[in-house]
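**Q** One file: run.cif (mmCIF, C-alpha atoms and all ligand atoms).
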data_run
loop_
_atom_site.label_atom_id
_atom_site.label_comp_id
_atom_site.auth_asym_id
_atom_site.auth_seq_id
_atom_site.Cartn_x
_atom_site.Cartn_y
_atom_site.Cartn_z
CA MET A 26 45.64 24.69 -223.04
CA LYS A 27 47.51 24.70 -219.76
CA LYS A 28 50.73 25.54 -221.55
CA LEU A 29 49.09 28.40 -223.41
CA SER A 30 47.76 29.87 -220.15
CA SER A 31 51.16 29.95 -218.54
CA PHE A 32 52.52 31.54 -221.67
CA VAL A 33 49.78 34.21 -221.59
CA LEU A 34 50.41 34.77 -217.89
CA ALA A 35 54.11 35.12 -218.51
CA VAL A 36 53.48 37.67 -221.26
CA LEU A 37 51.08 39.60 -219.00
CA ALA A 38 53.54 39.55 -216.14
CA PHE A 39 56.31 40.75 -218.42
CA SER A 40 54.14 43.58 -219.83
CA ALA A 41 53.16 44.70 -216.34
CA PHE A 42 56.82 44.71 -215.38
CA SER A 43 57.77 46.78 -218.45
CA LEU A 44 54.95 49.24 -217.84
CA GLN A 45 56.10 49.65 -214.27
CA THR A 46 59.70 50.34 -215.24
CA VAL A 47 58.56 52.86 -217.87
CA ALA A 48 56.17 54.52 -215.41
CA GLN A 49 58.95 54.95 -212.85
CA SER A 50 60.51 57.88 -214.68
CA LYS A 51 58.40 60.59 -216.24
CA THR A 52 61.37 62.86 -216.78
CA GLU A 53 62.19 63.57 -220.42
CA ASN A 54 64.06 66.83 -219.87
CA VAL A 55 66.47 68.00 -217.19
CA ILE A 56 67.54 71.50 -216.24
CA LEU A 57 70.25 72.51 -213.79
CA MET A 58 69.80 76.10 -212.67
CA THR A 59 72.23 78.01 -210.46
CA LEU A 60 72.43 81.37 -208.65
CA ASP A 61 76.03 82.34 -208.04
CA GLY A 62 76.96 82.49 -204.35
CA ALA A 63 73.40 83.20 -203.21
CA ARG A 64 73.58 82.54 -199.45
CA LEU A 65 71.41 80.01 -197.69
CA GLN A 66 70.73 82.64 -195.00
CA GLU A 67 68.62 84.66 -197.47
CA MET A 68 67.12 81.57 -199.09
CA PHE A 69 65.71 80.39 -195.75
CA GLY A 70 65.40 83.68 -193.87
CA GLY A 71 65.04 86.45 -196.45
CA LEU A 72 66.49 89.87 -195.68
CA ASP A 73 69.17 89.64 -192.96
CA ALA A 74 69.11 92.89 -190.94
CA GLU A 75 72.54 92.37 -189.35
CA ILE A 76 74.16 91.90 -192.73
CA PHE A 77 72.26 94.89 -194.14
CA ARG A 78 73.51 96.99 -191.20
CA SER A 79 77.11 96.00 -191.87
CA ALA A 80 76.74 97.14 -195.48
CA ASP A 81 74.88 100.37 -194.69
CA LYS A 82 74.38 102.07 -191.30
CA ASN A 83 71.21 103.80 -192.50
CA PHE A 84 69.76 100.60 -193.88
CA GLU A 85 66.37 101.02 -192.19
CA LYS A 86 65.67 104.08 -194.34
CA LYS A 87 66.29 102.25 -197.59
CA ALA A 88 63.40 101.39 -199.91
CA THR A 89 64.84 97.89 -200.27
CA TYR A 90 64.60 97.38 -196.52
CA LYS A 91 60.97 98.48 -196.47
CA LYS A 92 60.23 96.27 -199.44
CA PHE A 93 61.72 93.03 -198.10
CA ASN A 94 61.63 93.32 -194.32
CA ALA A 95 59.00 91.49 -192.22
CA ALA A 96 58.64 90.08 -188.69
CA THR A 97 59.43 86.43 -189.35
CA ALA A 98 61.90 84.49 -191.48
CA ILE A 99 59.05 82.88 -193.40
CA GLU A 100 57.41 86.20 -194.23
CA ARG A 101 60.74 87.73 -195.23
CA ARG A 102 61.73 84.91 -197.56
CA GLU A 103 58.29 84.95 -199.18
CA LYS A 104 58.69 88.67 -199.85
CA LEU A 105 62.11 88.09 -201.37
CA LEU A 106 61.16 84.98 -203.39
CA PRO A 107 57.37 84.94 -203.74
CA PHE A 108 57.19 82.49 -206.64
CA PHE A 109 59.76 80.08 -205.25
CA TRP A 110 58.28 79.82 -201.76
CA THR A 111 54.56 80.06 -202.40
CA GLU A 112 54.08 78.30 -205.73
CA LEU A 113 57.13 76.14 -206.45
CA MET A 114 57.82 74.75 -202.96
CA GLU A 115 54.17 74.35 -202.01
CA ASN A 116 53.01 72.60 -205.16
CA HIS A 117 55.95 71.28 -207.12
CA GLY A 118 59.13 70.63 -205.16
CA SER A 119 61.34 70.61 -202.09
CA ILE A 120 64.53 72.19 -200.81
CA ALA A 121 67.41 70.85 -198.73
CA GLY A 122 69.99 72.85 -196.81
CA ASN A 123 68.21 74.57 -193.91
CA ARG A 124 70.65 73.76 -191.11
CA SER A 125 68.20 74.82 -188.40
CA LEU A 126 65.98 71.92 -189.55
CA ASN A 127 68.93 69.54 -189.55
CA SER A 128 69.26 69.39 -193.32
CA ILE A 129 72.78 69.86 -194.66
CA VAL A 130 74.06 70.25 -198.22
CA LYS A 131 77.79 70.74 -198.80
CA THR A 132 80.33 71.03 -201.54
CA THR A 133 82.93 68.25 -201.59
CA ASN A 134 85.53 70.60 -203.06
CA THR A 135 87.38 72.61 -200.43
CA HIS A 136 87.91 75.77 -202.49
CA PHE A 137 84.42 77.27 -202.08
CA PHE A 138 84.65 79.44 -205.17
CA SER A 139 82.99 79.39 -208.57
CA TYR A 140 84.91 77.25 -211.08
CA PRO A 141 85.46 74.32 -208.70
CA GLY A 142 81.79 74.53 -207.60
CA TYR A 143 80.31 74.58 -211.10
CA SER A 144 82.69 71.89 -212.27
CA GLU A 145 81.67 69.68 -209.33
CA LEU A 146 78.00 70.26 -210.21
CA VAL A 147 78.26 69.49 -213.92
CA THR A 148 80.90 66.73 -213.89
CA GLY A 149 80.03 65.11 -210.53
CA THR A 150 83.59 65.18 -209.20
CA ALA A 151 85.71 67.70 -207.31
CA ARG A 152 89.33 67.83 -208.47
CA ASP A 153 90.83 70.11 -205.87
CA SER A 154 94.51 69.78 -206.74
CA ILE A 155 93.89 70.43 -210.46
CA ILE A 156 90.87 72.72 -210.61
CA ASP A 157 92.02 75.44 -208.22
CA THR A 158 91.47 78.65 -210.19
CA ASN A 159 88.61 80.50 -211.90
CA GLU A 160 90.95 80.89 -214.90
CA PHE A 161 91.11 77.14 -215.55
CA GLY A 162 89.82 77.60 -219.12
CA GLN A 163 88.12 74.76 -221.01
CA ASN A 164 87.08 71.99 -218.68
CA ARG A 165 89.12 68.83 -219.25
CA TRP A 166 86.32 66.53 -218.07
CA PRO A 167 82.96 65.89 -219.72
CA SER A 168 79.79 67.05 -217.97
CA PHE A 169 76.37 65.47 -217.52
CA LEU A 170 75.38 67.45 -220.63
CA ASN A 171 78.10 65.74 -222.69
CA PHE A 172 77.01 62.40 -221.24
CA LEU A 173 73.31 62.86 -222.02
CA GLN A 174 74.10 64.22 -225.47
CA LYS A 175 76.07 61.08 -226.26
CA LYS A 176 73.61 58.64 -224.70
CA MET A 177 70.50 60.21 -226.24
CA ARG A 178 72.17 61.23 -229.52
CA LEU A 179 71.07 64.83 -229.00
CA THR A 180 71.76 67.38 -231.69
CA ARG A 181 73.96 70.42 -231.03
CA ASP A 182 70.82 72.40 -230.16
CA GLN A 183 69.22 69.82 -227.88
CA ALA A 184 71.84 70.24 -225.16
CA ALA A 185 72.66 73.77 -224.05
CA ALA A 186 74.37 75.90 -221.42
CA PHE A 187 73.63 79.58 -220.84
CA GLY A 188 75.40 81.66 -218.21
CA SER A 189 75.92 85.24 -217.13
CA TRP A 190 79.56 84.69 -216.12
CA ASP A 191 81.85 84.22 -219.13
CA ALA A 192 83.50 81.04 -217.76
CA ILE A 193 80.23 79.08 -217.77
CA GLU A 194 80.61 78.06 -221.40
CA LEU A 195 84.08 76.68 -220.66
CA ILE A 196 83.07 74.81 -217.51
CA SER A 197 79.99 73.17 -219.07
CA THR A 198 81.83 70.96 -221.55
CA ASN A 199 85.23 69.50 -222.36
CA ASP A 200 84.39 69.95 -226.05
CA ALA A 201 83.65 73.58 -226.96
CA LYS A 202 81.83 72.57 -230.14
CA ALA A 203 79.67 69.71 -228.83
CA PHE A 204 76.50 71.70 -228.04
CA VAL A 205 75.21 75.26 -227.76
CA VAL A 206 77.00 77.34 -225.11
CA ASN A 207 76.60 81.06 -224.52
CA SER A 208 77.84 83.10 -221.57
CA GLY A 209 79.51 86.36 -220.63
CA PRO A 210 79.08 89.99 -221.67
CA LYS A 211 77.87 89.42 -225.22
CA GLY A 212 74.85 88.56 -227.34
CA PHE A 213 73.78 85.16 -228.62
CA ASP A 214 74.62 84.57 -232.23
CA ALA A 215 71.73 82.30 -233.22
CA PRO A 216 69.29 82.56 -236.13
CA GLY A 217 66.16 84.52 -235.34
CA ILE A 218 67.39 86.11 -232.11
CA ASP A 219 65.74 89.48 -231.47
CA PRO A 220 68.37 92.00 -232.72
CA VAL A 221 67.41 94.60 -230.10
CA LEU A 222 67.95 92.07 -227.30
CA ASN A 223 71.21 90.96 -228.84
CA GLU A 224 72.55 94.49 -229.16
CA ALA A 225 71.47 95.32 -225.60
CA ALA A 226 73.32 92.25 -224.29
CA ALA A 227 76.50 93.33 -226.04
CA LEU A 228 76.26 97.01 -225.03
CA THR A 229 75.02 96.79 -221.44
CA ILE A 230 77.56 96.76 -218.62
CA GLY A 231 76.89 94.02 -216.09
CA PRO A 232 77.73 93.84 -212.37
CA ALA A 233 81.32 92.80 -213.25
CA MET A 234 83.32 92.99 -216.47
CA SER A 235 83.05 89.22 -217.01
CA VAL A 236 79.34 89.02 -216.15
CA ARG A 237 76.32 90.17 -218.16
CA PRO A 238 73.01 91.06 -216.50
CA ASP A 239 71.04 87.89 -215.76
CA TYR A 240 68.07 89.06 -217.82
CA PHE A 241 69.94 88.32 -221.06
CA THR A 242 70.90 84.84 -219.90
CA TYR A 243 67.26 84.21 -219.08
CA LYS A 244 65.96 85.48 -222.43
CA PHE A 245 68.54 83.58 -224.50
CA ALA A 246 67.86 80.34 -222.62
CA LEU A 247 64.12 80.80 -223.10
CA ASP A 248 64.62 81.46 -226.82
CA GLN A 249 66.58 78.21 -227.15
CA MET A 250 63.84 76.33 -225.31
CA LYS A 251 61.12 77.75 -227.57
CA LYS A 252 62.98 76.99 -230.79
CA HIS A 253 64.87 73.77 -230.09
CA HIS A 254 63.46 72.21 -226.91
CA PRO A 255 66.77 71.10 -225.38
CA ARG A 256 66.48 67.89 -223.38
CA ALA A 257 69.44 68.74 -221.15
CA MET A 258 70.21 72.27 -220.02
CA PHE A 259 72.30 74.34 -217.66
CA ILE A 260 71.16 77.90 -216.87
CA SER A 261 73.51 79.88 -214.65
CA PHE A 262 72.66 83.26 -213.13
CA GLY A 263 75.52 85.38 -211.83
CA GLU A 264 74.49 88.77 -210.42
CA THR A 265 74.00 87.82 -206.77
CA ASP A 266 77.71 87.01 -206.36
CA ASP A 267 78.99 90.25 -207.86
CA TRP A 268 76.76 92.56 -205.82
CA ALA A 269 77.73 90.63 -202.67
CA HIS A 270 81.45 91.02 -203.44
CA GLN A 271 80.80 94.74 -203.80
CA ARG A 272 79.04 94.70 -200.40
CA ASP A 273 75.95 96.16 -202.06
CA TYR A 274 73.26 94.39 -200.05
CA GLU A 275 70.43 96.27 -201.75
CA LYS A 276 71.37 95.13 -205.25
CA TYR A 277 72.16 91.66 -203.94
CA LEU A 278 68.61 91.37 -202.55
CA GLN A 279 67.04 92.86 -205.65
CA SER A 280 68.94 90.33 -207.82
CA TRP A 281 67.53 87.48 -205.73
CA HIS A 282 64.06 88.94 -206.24
CA ASN A 283 64.56 89.37 -209.99
CA THR A 284 65.85 85.82 -210.32
CA ASP A 285 62.65 84.62 -208.67
CA ALA A 286 60.66 86.43 -211.38
CA MET A 287 62.80 84.83 -214.11
CA LEU A 288 62.35 81.41 -212.55
CA ARG A 289 58.61 82.06 -212.67
CA GLY A 290 58.87 83.02 -216.34
CA LEU A 291 60.74 79.80 -217.12
CA TRP A 292 58.24 77.75 -215.13
CA ILE A 293 55.26 79.28 -216.94
CA PHE A 294 56.88 78.44 -220.27
CA ILE A 295 57.67 74.88 -219.11
CA GLN A 296 54.12 74.25 -217.94
CA ASN A 297 52.60 75.56 -221.16
CA ASP A 298 54.83 73.62 -223.52
CA LYS A 299 54.01 70.11 -224.74
CA GLN A 300 57.59 68.84 -224.63
CA TYR A 301 58.23 70.15 -221.11
CA ARG A 302 54.96 70.11 -219.18
CA ASP A 303 55.05 67.56 -216.31
CA LYS A 304 58.11 65.93 -217.92
CA THR A 305 60.84 68.29 -216.78
CA THR A 306 63.05 67.94 -213.73
CA LEU A 307 64.90 70.95 -212.33
CA ILE A 308 67.64 71.12 -209.74
CA ILE A 309 68.21 74.67 -208.53
CA THR A 310 71.30 75.29 -206.43
CA ILE A 311 74.45 77.38 -205.91
CA ASP A 312 78.16 76.98 -206.65
CA HIS A 313 79.24 78.00 -203.11
CA GLY A 314 77.90 79.75 -200.03
CA ARG A 315 79.45 82.83 -198.39
CA GLY A 316 80.37 84.09 -194.94
CA ASN A 317 77.75 84.85 -192.30
CA THR A 318 79.22 87.79 -190.39
CA GLY A 319 79.10 91.50 -191.13
CA LYS A 320 82.76 91.18 -192.07
CA ASP A 321 82.76 88.14 -194.35
CA TRP A 322 79.23 87.80 -195.81
CA SER A 323 80.56 89.36 -199.01
CA ASP A 324 83.32 86.77 -199.28
CA HIS A 325 83.82 83.04 -199.88
CA GLY A 326 86.77 80.71 -200.48
CA SER A 327 88.82 78.24 -198.43
CA ASP A 328 89.39 80.86 -195.69
CA VAL A 329 85.59 81.23 -195.24
CA PRO A 330 84.49 77.74 -194.08
CA GLU A 331 80.85 78.87 -193.84
CA ALA A 332 80.89 78.97 -197.67
CA GLN A 333 80.93 75.14 -197.89
CA TYR A 334 77.23 75.09 -196.96
CA ILE A 335 74.85 75.34 -199.89
CA TRP A 336 71.14 74.77 -200.59
CA MET A 337 69.56 72.61 -203.26
CA ALA A 338 65.98 72.58 -204.57
CA PHE A 339 64.32 69.72 -206.46
CA VAL A 340 61.35 70.17 -208.76
CA GLY A 341 60.05 67.44 -211.00
CA PRO A 342 57.37 64.89 -211.82
CA GLU A 343 59.12 62.07 -209.92
CA TRP A 344 59.31 63.86 -206.63
CA SER A 345 56.40 64.07 -204.22
CA LYS A 346 58.36 65.76 -201.43
CA ARG A 347 57.22 69.37 -200.75
CA GLY A 348 58.73 72.26 -198.83
CA GLU A 349 61.80 72.02 -196.61
CA TRP A 350 63.77 68.90 -195.86
CA LYS A 351 64.01 68.05 -192.15
CA ASP A 352 66.31 65.64 -190.28
CA SER A 353 67.69 64.28 -193.51
CA ALA A 354 71.00 62.67 -194.38
CA GLU A 355 73.67 65.07 -195.59
CA ILE A 356 73.82 65.46 -199.38
CA TYR A 357 76.56 66.85 -201.63
CA GLN A 358 77.15 69.04 -204.64
CA ASN A 359 78.82 66.13 -206.49
CA GLN A 360 75.52 64.14 -206.57
CA VAL A 361 73.71 66.47 -208.99
CA ALA A 362 75.10 65.07 -212.27
CA ALA A 363 74.30 61.46 -211.34
CA THR A 364 70.82 62.36 -210.02
CA LEU A 365 69.79 64.20 -213.20
CA THR A 366 71.14 61.52 -215.53
CA LYS A 367 69.54 58.73 -213.48
CA LEU A 368 66.11 60.34 -213.97
CA MET A 369 66.76 60.20 -217.71
CA GLY A 370 67.46 56.48 -217.37
CA PHE A 371 71.26 56.44 -217.40
CA ASP A 372 73.98 55.42 -214.99
CA TYR A 373 76.44 58.30 -214.67
CA SER A 374 79.17 56.05 -213.31
CA GLU A 375 79.63 54.87 -216.92
CA GLN A 376 81.20 58.26 -217.58
CA ASP A 377 82.88 58.80 -214.21
CA VAL A 378 83.20 56.03 -211.63
CA ASN A 379 84.34 58.52 -209.00
CA ALA A 380 81.36 60.87 -209.37
CA GLY A 381 78.89 61.32 -206.51
CA ARG A 382 76.01 58.82 -206.51
CA PRO A 383 72.37 59.77 -207.20
CA ILE A 384 70.61 61.29 -204.17
CA ASN A 385 68.88 58.23 -202.74
CA SER A 386 66.30 59.82 -200.50
CA LEU A 387 64.85 61.62 -203.52
CA LEU A 388 64.40 58.48 -205.54
CA LEU A 389 62.34 56.80 -202.83
CA ARG A 390 58.72 57.82 -202.92
ZN ZN B 401 80.59 81.91 -207.49
#
Could you show the structure in this file as structure tokens?

**A**
Amino acid sequence: MKKLSSFVLAVLAFSAFSLQTVAQSKTENVILMTLDGARLQEMFGGLDAEIFRSADKNFEKKATYKKFNAATAIERREKLLPFFWTELMENHGSIAGNRSLNSIVKTTNTHFFSYPGYSELVTGTARDSIIDTNEFGQNRWPSFLNFLQKKMRLTRDQAAAFGSWDAIELISTNDAKAFVVNSGPKGFDAPGIDPVLNEAAALTIGPAMSVRPDYFTYKFALDQMKKHHPRAMFISFGETDDWAHQRDYEKYLQSWHNTDAMLRGLWIFIQNDKQYRDKTTLIITIDHGRGNTGKDWSDHGSDVPEAQYIWMAFVGPEWSKRGEWKDSAEIYQNQVAATLTKLMGFDYSEQDVNAGRPINSLLLR
């Protein structure tokens, strides 16, 4: 009898332990979302009048100014990104990178331009001496998407990368055929895609020759989610960077605002879908920052050190933190791959021992 009791106790203790380990991670799907070169100054402060002035002397007469200007930084950013700041950050997630609150997020690569930034995000490692051009072509290193696909035995449709910039499909994987990739000024050749949308994507000129309007990226990603429910995804918006390079502050701001609406659309879908609701973790971030003077806000790269500062938002069922991070330890772009895969129950160092480690402060409740 005594023996039996200890056996029962041992079984109970073991079950409780297993339940606890299972309960620790509710994440069954992960999504990395990026906005190309969208400055932290607008993320945390909304419309920046000094930058607007440098782009246009008559800026105060512009409809965009009237639409997004307000007395305080908090009011301005809520006008620019109403869904992000009022719904997502109040009820579902948190954001790091506001330097005035002593929260710093940086790239570890020292190039501060797109390919090295995206590659650092998806592979977890900066390779400055090798990856030093946007024309690098097919990535030579596997990404967190490749890793999760292998670990979870995902089909070609259950991992996916969609981007507005044409290089996104090359950066996302070292194997072009492993999973669904679609980026650049073209449609999405998948069964059942709305032909009108597909034709519009192919025949609409984007903000740069290599970039399609973000709306198509959004719609194609959403279509994939509805039909195939990918467990691991990368969605990369591009417009903000191109309008900034062109010093068109109005279109740059409007792109931010439109991206907020698309993020809302994705969120509504996620929260109304059985596979995704309360089981999906998102990291939303940027590939690089940009300058912060009237002269260099449009630019980024190793000669614009301000561009090393980025922001990073975290939304998911594991994370109870809300709003802005304050007085927190510095975090890095190379920690994203390991953080997302850890939430899915895997150790990213199996794929890359040099990759950034999971973001610790997030994993503590
Ligand atoms: Zn970029």

**Q** Mind checking which residues fall within 10 Å of Glu115 in chain A, counting all atoms listed in the file, ignoring those fewer than 3 positions away in the same chain, and posting them as an NGL selection string?

**A** :A and (108-112 or 118-119 or 346-349)

**Q** Which is closer to Asp324 in chain A than all the others in A:Trp190, A:Phe84, A:Phe161, A:Phe138, using all atoms listed in the file?

**A** A:Phe138

**Q** Enumerate residues in contact with ligand ZN 401 (chain B): an atom-to-atom distance of at most 12 Å, counting all atoms listed in the file. Format the result as a PyMOL selection string.

**A** chain A and resi 59-64+136-144+158-159+188-193+236+261-270+310-315+323-326+332-333+335

**Q** Taking only C-alpha atoms into account, name the residue in A:Tyr357, A:Phe259, A:Phe371, A:Trp350 that is nearest to Phe69 in chain A.

**A** A:Trp350

**Q** Please measure the separation of CA of Asn297 in chain A and CA of Lys251 in chain A, giving the value in Å to one decimal.

**A** 10.9 Å

**Q** Between range 78-157 of chain A and range 374-390 of chain A, at 10 Å or less, what are the per-residue closest atom pairs and their distances in Å? Count all atoms listed in the file, order by chain and rising residue number, and return it as a Markdown table.

**A**
| residue | atom | partner | partner_atom | distance |
| --- | --- | --- | --- | --- |
| A:Ser119 | CA | A:Leu387 | CA | 9.8 |
| A:Thr133 | CA | A:Gly381 | CA | 9.4 |
| A:Glu145 | CA | A:Ala380 | CA | 8.8 |
| A:Leu146 | CA | A:Gly381 | CA | 9.7 |
| A:Thr148 | CA | A:Ala380 | CA | 7.4 |
| A:Gly149 | CA | A:Ala380 | CA | 4.6 |
| A:Thr150 | CA | A:Ala380 | CA | 4.9 |
| A:Ala151 | CA | A:Ala380 | CA | 8.4 |

**Q** In Å, how far is it from CA of Leu126 in chain A to CA of Ala80 in chain A?

**A**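 Distance reported for this atom pair: 28.1 Å.
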
**Q** Could I get the residues of range 153-233 of chain A with an atom no further than 8 Å from an atom of range 237-246 of chain A, each paired with its nearest atom pair and that distance in Å to one decimal, using only C-alpha atoms, sorted by chain and residue number, as a tab-separated table?

**A**
residue	atom	partner	partner_atom	distance
A:Ala186	CA	A:Ala246	CA	8.0
A:Phe187	CA	A:Thr242	CA	6.0
A:Gly188	CA	A:Thr242	CA	5.8
A:Ser189	CA	A:Arg237	CA	5.1
A:Trp190	CA	A:Arg237	CA	6.7
A:Ser208	CA	A:Thr242	CA	7.3
A:Gly209	CA	A:Arg237	CA	5.5
A:Pro210	CA	A:Arg237	CA	4.5
A:Lys211	CA	A:Arg237	CA	7.3
A:Gly212	CA	A:Phe241	CA	8.0
A:Phe213	CA	A:Phe245	CA	6.9
A:Leu222	CA	A:Phe241	CA	7.5
A:Ala226	CA	A:Phe241	CA	6.1
A:Thr229	CA	A:Arg237	CA	7.5
A:Ile230	CA	A:Arg237	CA	6.7
A:Gly231	CA	A:Arg237	CA	4.4
A:Pro232	CA	A:Pro238	CA	6.9
A:Ala233	CA	A:Arg237	CA	7.5
